[in-house]
>>> print(open('entry_38.cif').read())   # mmCIF, C-alpha atoms
data_data
#
loop_
_atom_site.group_PDB
_atom_site.id
_atom_site.type_symbol
_atom_site.label_atom_id
_atom_site.label_comp_id
_atom_site.auth_asym_id
_atom_site.auth_seq_id
_atom_site.Cartn_x
_atom_site.Cartn_y
_atom_site.Cartn_z
ATOM 1 C CA MET N 1 13.136 -136.512 31.897
ATOM 2 C CA PRO N 2 15.150 -135.061 34.771
ATOM 3 C CA PRO N 3 18.321 -137.024 35.669
ATOM 4 C CA ASN N 4 16.892 -138.266 38.992
ATOM 5 C CA THR N 5 13.917 -139.711 37.097
ATOM 6 C CA GLU N 6 16.262 -141.596 34.784
ATOM 7 C CA GLN N 7 18.162 -142.974 37.786
ATOM 8 C CA SER N 8 14.937 -144.044 39.488
ATOM 9 C CA VAL N 9 13.679 -145.742 36.335
ATOM 10 C CA ALA N 10 17.002 -147.564 35.885
ATOM 11 C CA ARG N 11 16.815 -148.790 39.492
ATOM 12 C CA LEU N 12 13.212 -149.941 39.023
ATOM 13 C CA LYS N 13 14.140 -151.778 35.824
ATOM 14 C CA GLN N 14 16.814 -153.683 37.745
ATOM 15 C CA LEU N 15 14.349 -154.513 40.517
ATOM 16 C CA GLU N 16 11.726 -155.699 38.015
ATOM 17 C CA LYS N 17 14.239 -157.975 36.315
ATOM 18 C CA LEU N 18 15.351 -159.422 39.663
ATOM 19 C CA LEU N 19 11.771 -160.008 40.786
ATOM 20 C CA ASP N 20 10.262 -161.373 37.553
ATOM 21 C CA ARG N 21 12.879 -162.343 34.937
ATOM 22 C CA GLN N 22 16.265 -163.055 36.526
ATOM 23 C CA PHE N 23 16.408 -166.795 35.793
ATOM 24 C CA THR N 24 15.460 -169.087 32.924
ATOM 25 C CA VAL N 25 14.827 -172.815 33.302
ATOM 26 C CA ALA N 26 13.431 -174.890 30.442
ATOM 27 C CA GLY N 27 12.489 -171.712 28.582
ATOM 28 C CA ILE N 28 10.526 -170.280 31.517
ATOM 29 C CA ASN N 29 11.636 -166.899 32.834
ATOM 30 C CA PHE N 30 11.136 -166.244 36.529
ATOM 31 C CA GLY N 31 12.627 -164.183 39.306
ATOM 32 C CA ILE N 32 12.985 -164.213 43.037
ATOM 33 C CA ASP N 33 9.285 -163.315 43.344
ATOM 34 C CA SER N 34 8.437 -166.871 42.282
ATOM 35 C CA VAL N 35 11.140 -168.408 44.474
ATOM 36 C CA ILE N 36 10.363 -166.428 47.649
ATOM 37 C CA GLY N 37 6.658 -166.968 47.006
ATOM 38 C CA LEU N 38 7.155 -170.687 47.619
ATOM 39 C CA VAL N 39 7.419 -169.914 51.338
ATOM 40 C CA PRO N 40 3.813 -169.851 52.610
ATOM 41 C CA VAL N 41 2.456 -166.522 53.863
ATOM 42 C CA VAL N 42 5.807 -164.876 54.687
ATOM 43 C CA GLY N 43 7.075 -165.240 51.117
ATOM 44 C CA ASP N 44 3.944 -163.640 49.720
ATOM 45 C CA LEU N 45 4.179 -160.766 52.199
ATOM 46 C CA ILE N 46 7.812 -160.131 51.248
ATOM 47 C CA THR N 47 7.151 -160.188 47.507
ATOM 48 C CA GLY N 48 4.071 -158.006 48.024
ATOM 49 C CA ALA N 49 6.185 -155.460 49.895
ATOM 50 C CA LEU N 50 8.747 -155.430 47.078
ATOM 51 C CA GLY N 51 5.964 -154.913 44.542
ATOM 52 C CA PHE N 52 4.558 -152.123 46.693
ATOM 53 C CA TYR N 53 7.980 -150.430 46.658
ATOM 54 C CA LEU N 54 7.861 -150.279 42.851
ATOM 55 C CA ILE N 55 4.416 -148.653 43.037
ATOM 56 C CA SER N 56 5.489 -146.154 45.702
ATOM 57 C CA GLU N 57 8.426 -145.116 43.512
ATOM 58 C CA ALA N 58 6.043 -144.704 40.558
ATOM 59 C CA ARG N 59 3.915 -142.446 42.737
ATOM 60 C CA LYS N 60 6.964 -140.325 43.600
ATOM 61 C CA LEU N 61 7.686 -140.028 39.877
ATOM 62 C CA GLY N 62 4.226 -138.546 39.427
ATOM 63 C CA VAL N 63 2.347 -141.172 37.439
ATOM 64 C CA SER N 64 -1.374 -140.623 36.966
ATOM 65 C CA ARG N 65 -3.992 -141.922 39.384
ATOM 66 C CA TRP N 66 -5.307 -144.225 36.658
ATOM 67 C CA THR N 67 -1.860 -145.797 36.241
ATOM 68 C CA LEU N 68 -1.493 -146.168 40.013
ATOM 69 C CA THR N 69 -4.911 -147.829 40.200
ATOM 70 C CA ARG N 70 -3.927 -150.330 37.533
ATOM 71 C CA MET N 71 -0.597 -150.990 39.267
ATOM 72 C CA TYR N 72 -2.313 -151.618 42.622
ATOM 73 C CA SER N 73 -4.751 -153.954 40.860
ATOM 74 C CA ASN N 74 -1.915 -155.971 39.340
ATOM 75 C CA LEU N 75 -0.197 -156.254 42.714
ATOM 76 C CA GLY N 76 -3.445 -157.163 44.465
ATOM 77 C CA ILE N 77 -4.160 -159.946 41.979
ATOM 78 C CA ASP N 78 -0.596 -161.237 42.308
ATOM 79 C CA VAL N 79 -0.619 -161.257 46.118
ATOM 80 C CA THR N 80 -4.144 -162.644 46.458
ATOM 81 C CA ILE N 81 -3.835 -165.523 44.016
ATOM 82 C CA GLY N 82 -0.170 -166.028 44.888
ATOM 83 C CA ALA N 83 -1.205 -166.790 48.475
ATOM 84 C CA ILE N 84 -3.148 -169.874 47.375
ATOM 85 C CA PRO N 85 -0.917 -172.932 47.907
ATOM 86 C CA ILE N 86 0.398 -174.596 44.719
ATOM 87 C CA VAL N 87 -2.036 -172.749 42.409
ATOM 88 C CA GLY N 88 -0.497 -169.448 43.485
ATOM 89 C CA ASP N 89 3.016 -170.704 42.877
ATOM 90 C CA VAL N 90 2.153 -171.679 39.310
ATOM 91 C CA PHE N 91 0.290 -168.387 38.850
ATOM 92 C CA ASP N 92 3.396 -166.448 39.957
ATOM 93 C CA LEU N 93 5.351 -167.961 37.085
ATOM 94 C CA ALA N 94 2.848 -166.665 34.540
ATOM 95 C CA PHE N 95 1.500 -163.406 36.002
ATOM 96 C CA LYS N 96 4.445 -161.078 36.363
ATOM 97 C CA SER N 97 2.901 -158.095 38.135
ATOM 98 C CA ASN N 98 6.192 -156.245 38.498
ATOM 99 C CA SER N 99 6.859 -156.465 34.753
ATOM 100 C CA LYS N 100 3.314 -155.291 34.035
ATOM 101 C CA ASN N 101 3.679 -152.423 36.486
ATOM 102 C CA LEU N 102 7.027 -151.321 35.075
ATOM 103 C CA LYS N 103 5.476 -151.208 31.593
ATOM 104 C CA LEU N 104 2.602 -149.103 32.933
ATOM 105 C CA LEU N 105 5.079 -146.748 34.623
ATOM 106 C CA LEU N 106 7.191 -146.337 31.494
ATOM 107 C CA ARG N 107 4.136 -145.744 29.299
ATOM 108 C CA ASP N 108 2.840 -143.099 31.714
ATOM 109 C CA LEU N 109 6.195 -141.304 31.789
ATOM 110 C CA GLU N 110 6.440 -141.398 27.980
ATOM 111 C CA LYS N 111 2.945 -139.905 27.632
ATOM 112 C CA ARG N 112 3.795 -137.161 30.090
ATOM 113 C CA GLU N 113 7.051 -136.376 28.289
ATOM 114 C CA ALA N 114 5.298 -136.250 24.892
ATOM 115 C CA LYS N 115 2.648 -133.919 26.332
ATOM 116 C CA GLU N 116 5.354 -131.631 27.723
ATOM 117 C CA LEU N 117 7.154 -131.580 24.358
ATOM 118 C CA ARG N 118 3.927 -130.629 22.563
ATOM 119 C CA ARG N 119 3.278 -127.865 25.080
ATOM 120 C CA THR N 120 6.834 -126.518 24.757
ATOM 121 C CA SER N 121 6.649 -126.662 20.965
ATOM 122 C CA ARG N 122 3.325 -124.825 20.981
ATOM 123 C CA GLN N 123 4.754 -122.143 23.266
ATOM 124 C CA GLN N 124 7.755 -121.654 20.996
ATOM 125 C CA ARG N 125 5.575 -121.520 17.890
ATOM 126 C CA TYR N 126 3.065 -119.008 19.250
ATOM 127 C CA GLY N 127 5.205 -117.213 21.806
ATOM 128 C CA THR N 128 2.828 -118.010 24.659
ATOM 129 C CA THR N 129 3.570 -119.189 28.167
#
>>> encode(input="entry_38.cif", output="structure tokens")
Amino acid sequence: MPPNTEQSVARLKQLEKLLDRQFTVAGINFGIDSVIGLVPVVGDLITGALGFYLISEARKLGVSRWTLTRMYSNLGIDVTIGAIPIVGDVFDLAFKSNSKNLKLLLRDLEKREAKELRRTSRQQRYGTT
């Protein structure tokens, strides 16, 4: 991975932790997504925007359309159900869309890197370009 990719991924990992896993109370991990989401409407819009930022960064890193589709789906589910009073607040504690999306991003980047390594190895072996 190029250095700027590594920096972007490190930044996104920090954001994901802040949004979904920063605090632990009674064995339950949660982040500011769950706390801000307690504020009706505005809280959900803010956390949705932060989740969208993670997806837009993934897009800049070149993840596949399939991965982007899955990431948008996770965010859509989180924002839609999260907007329901009380039920949405409980749902936010369990459904950590930012954690799911970071895992999708990392898996996509790993697949791409493995594919590039195979291609490079094949080129070296057979002397093709």
>>> residues_around(input="entry_38.cif", residues="segment 48-61 of chain N", least_positions_apart="3", cutoff="10 Å", atoms="all atoms listed in the file", output="PyMOL selection string")
chain N and resi 4-5+8-9+11-13+15-16+19+33+37+42-45+64-65+67-69+71-72+74-76+78-80+82+97-99+101-102+104-106+108-109
>>> closest_residue(input="entry_38.cif", among="N:Ile86, N:Leu93, N:Ala10, N:Leu117", to="Ile32 of chain N", atoms="only C-alpha atoms")
N:Leu93
>>> closest_residue(input="entry_38.cif", among="N:Ser73, N:Gln7, N:Gln14, N:Thr47", to="Val35 of chain N", atoms="all atoms listed in the file")
N:Thr47
>>> resolve_selection(input="entry_38.cif", expression="the PyMOL selection byres ((chain N and resi 20) around 6)", output="PyMOL selection string")
chain N and resi 16-19+21+30-31+96
>>> residues_around(input="entry_38.cif", residues="Val90 of chain N", least_positions_apart="5", cutoff="10 Å", atoms="all atoms listed in the file", output="list of chain:residue names")
N:Ser34, N:Leu38, N:Ile81, N:Gly82, N:Ile84, N:Pro85, N:Phe95
>>> build_atoms(input="entry_38.cif", residues="segment 38-49 of chain N", atoms="all heavy atoms", output="PDB file, in the coordinates of the input")
ATOM      1  N   LEU N  38       7.344-169.287  47.234  1.00  0.00           N
ATOM      2  CA  LEU N  38       7.155-170.687  47.619  1.00  0.00           C
ATOM      3  C   LEU N  38       7.009-170.845  49.131  1.00  0.00           C
ATOM      4  O   LEU N  38       6.439-171.827  49.603  1.00  0.00           O
ATOM      5  CB  LEU N  38       8.326-171.544  47.120  1.00  0.00           C
ATOM      6  CG  LEU N  38       8.428-171.719  45.604  1.00  0.00           C
ATOM      7  CD1 LEU N  38       9.743-172.403  45.243  1.00  0.00           C
ATOM      8  CD2 LEU N  38       7.240-172.490  45.063  1.00  0.00           C
ATOM      9  N   VAL N  39       7.538-169.876  49.883  1.00  0.00           N
ATOM     10  CA  VAL N  39       7.419-169.914  51.338  1.00  0.00           C
ATOM     11  C   VAL N  39       6.018-169.402  51.701  1.00  0.00           C
ATOM     12  O   VAL N  39       5.688-168.257  51.410  1.00  0.00           O
ATOM     13  CB  VAL N  39       8.491-169.029  52.011  1.00  0.00           C
ATOM     14  CG1 VAL N  39       8.333-169.044  53.528  1.00  0.00           C
ATOM     15  CG2 VAL N  39       9.881-169.454  51.590  1.00  0.00           C
ATOM     16  N   PRO N  40       5.194-170.260  52.308  1.00  0.00           N
ATOM     17  CA  PRO N  40       3.813-169.851  52.610  1.00  0.00           C
ATOM     18  C   PRO N  40       3.733-168.593  53.468  1.00  0.00           C
ATOM     19  O   PRO N  40       4.534-168.381  54.361  1.00  0.00           O
ATOM     20  CB  PRO N  40       3.246-171.054  53.377  1.00  0.00           C
ATOM     21  CG  PRO N  40       4.120-172.200  53.006  1.00  0.00           C
ATOM     22  CD  PRO N  40       5.476-171.614  52.740  1.00  0.00           C
ATOM     23  N   VAL N  41       2.814-167.755  53.179  1.00  0.00           N
ATOM     24  CA  VAL N  41       2.456-166.522  53.863  1.00  0.00           C
ATOM     25  C   VAL N  41       3.604-165.499  53.889  1.00  0.00           C
ATOM     26  O   VAL N  41       3.492-164.440  53.298  1.00  0.00           O
ATOM     27  CB  VAL N  41       1.906-166.765  55.288  1.00  0.00           C
ATOM     28  CG1 VAL N  41       1.477-165.465  55.946  1.00  0.00           C
ATOM     29  CG2 VAL N  41       0.759-167.755  55.268  1.00  0.00           C
ATOM     30  N   VAL N  42       4.695-165.814  54.548  1.00  0.00           N
ATOM     31  CA  VAL N  42       5.807-164.876  54.687  1.00  0.00           C
ATOM     32  C   VAL N  42       6.387-164.508  53.317  1.00  0.00           C
ATOM     33  O   VAL N  42       6.653-163.332  53.044  1.00  0.00           O
ATOM     34  CB  VAL N  42       6.921-165.457  55.596  1.00  0.00           C
ATOM     35  CG1 VAL N  42       8.120-164.544  55.650  1.00  0.00           C
ATOM     36  CG2 VAL N  42       6.377-165.719  56.980  1.00  0.00           C
ATOM     37  N   GLY N  43       6.542-165.498  52.453  1.00  0.00           N
ATOM     38  CA  GLY N  43       7.075-165.240  51.117  1.00  0.00           C
ATOM     39  C   GLY N  43       6.182-164.300  50.333  1.00  0.00           C
ATOM     40  O   GLY N  43       6.669-163.385  49.648  1.00  0.00           O
ATOM     41  N   ASP N  44       4.884-164.502  50.437  1.00  0.00           N
ATOM     42  CA  ASP N  44       3.944-163.640  49.720  1.00  0.00           C
ATOM     43  C   ASP N  44       3.939-162.218  50.285  1.00  0.00           C
ATOM     44  O   ASP N  44       3.794-161.253  49.531  1.00  0.00           O
ATOM     45  CB  ASP N  44       2.532-164.246  49.765  1.00  0.00           C
ATOM     46  CG  ASP N  44       2.486-165.578  49.041  1.00  0.00           C
ATOM     47  OD1 ASP N  44       2.962-165.637  47.896  1.00  0.00           O
ATOM     48  OD2 ASP N  44       1.997-166.555  49.631  1.00  0.00           O
ATOM     49  N   LEU N  45       4.101-162.089  51.588  1.00  0.00           N
ATOM     50  CA  LEU N  45       4.179-160.766  52.199  1.00  0.00           C
ATOM     51  C   LEU N  45       5.440-160.026  51.750  1.00  0.00           C
ATOM     52  O   LEU N  45       5.395-158.831  51.451  1.00  0.00           O
ATOM     53  CB  LEU N  45       4.147-160.867  53.728  1.00  0.00           C
ATOM     54  CG  LEU N  45       2.822-161.324  54.337  1.00  0.00           C
ATOM     55  CD1 LEU N  45       2.984-161.517  55.842  1.00  0.00           C
ATOM     56  CD2 LEU N  45       1.723-160.333  54.033  1.00  0.00           C
ATOM     57  N   ILE N  46       6.545-160.749  51.681  1.00  0.00           N
ATOM     58  CA  ILE N  46       7.812-160.131  51.248  1.00  0.00           C
ATOM     59  C   ILE N  46       7.715-159.677  49.796  1.00  0.00           C
ATOM     60  O   ILE N  46       8.073-158.537  49.467  1.00  0.00           O
ATOM     61  CB  ILE N  46       8.990-161.108  51.442  1.00  0.00           C
ATOM     62  CG1 ILE N  46       9.259-161.324  52.933  1.00  0.00           C
ATOM     63  CG2 ILE N  46      10.245-160.595  50.735  1.00  0.00           C
ATOM     64  CD1 ILE N  46      10.219-162.447  53.242  1.00  0.00           C
ATOM     65  N   THR N  47       7.236-160.558  48.921  1.00  0.00           N
ATOM     66  CA  THR N  47       7.151-160.188  47.507  1.00  0.00           C
ATOM     67  C   THR N  47       6.103-159.087  47.294  1.00  0.00           C
ATOM     68  O   THR N  47       6.278-158.228  46.426  1.00  0.00           O
ATOM     69  CB  THR N  47       6.855-161.403  46.612  1.00  0.00           C
ATOM     70  OG1 THR N  47       5.620-162.006  47.008  1.00  0.00           O
ATOM     71  CG2 THR N  47       7.979-162.415  46.694  1.00  0.00           C
ATOM     72  N   GLY N  48       5.053-159.087  48.095  1.00  0.00           N
ATOM     73  CA  GLY N  48       4.071-158.006  48.024  1.00  0.00           C
ATOM     74  C   GLY N  48       4.686-156.667  48.422  1.00  0.00           C
ATOM     75  O   GLY N  48       4.415-155.638  47.800  1.00  0.00           O
ATOM     76  N   ALA N  49       5.511-156.691  49.451  1.00  0.00           N
ATOM     77  CA  ALA N  49       6.185-155.460  49.895  1.00  0.00           C
ATOM     78  C   ALA N  49       7.138-154.939  48.820  1.00  0.00           C
ATOM     79  O   ALA N  49       7.216-153.726  48.580  1.00  0.00           O
ATOM     80  CB  ALA N  49       6.943-155.717  51.195  1.00  0.00           C
TER      81      ALA N  49
END
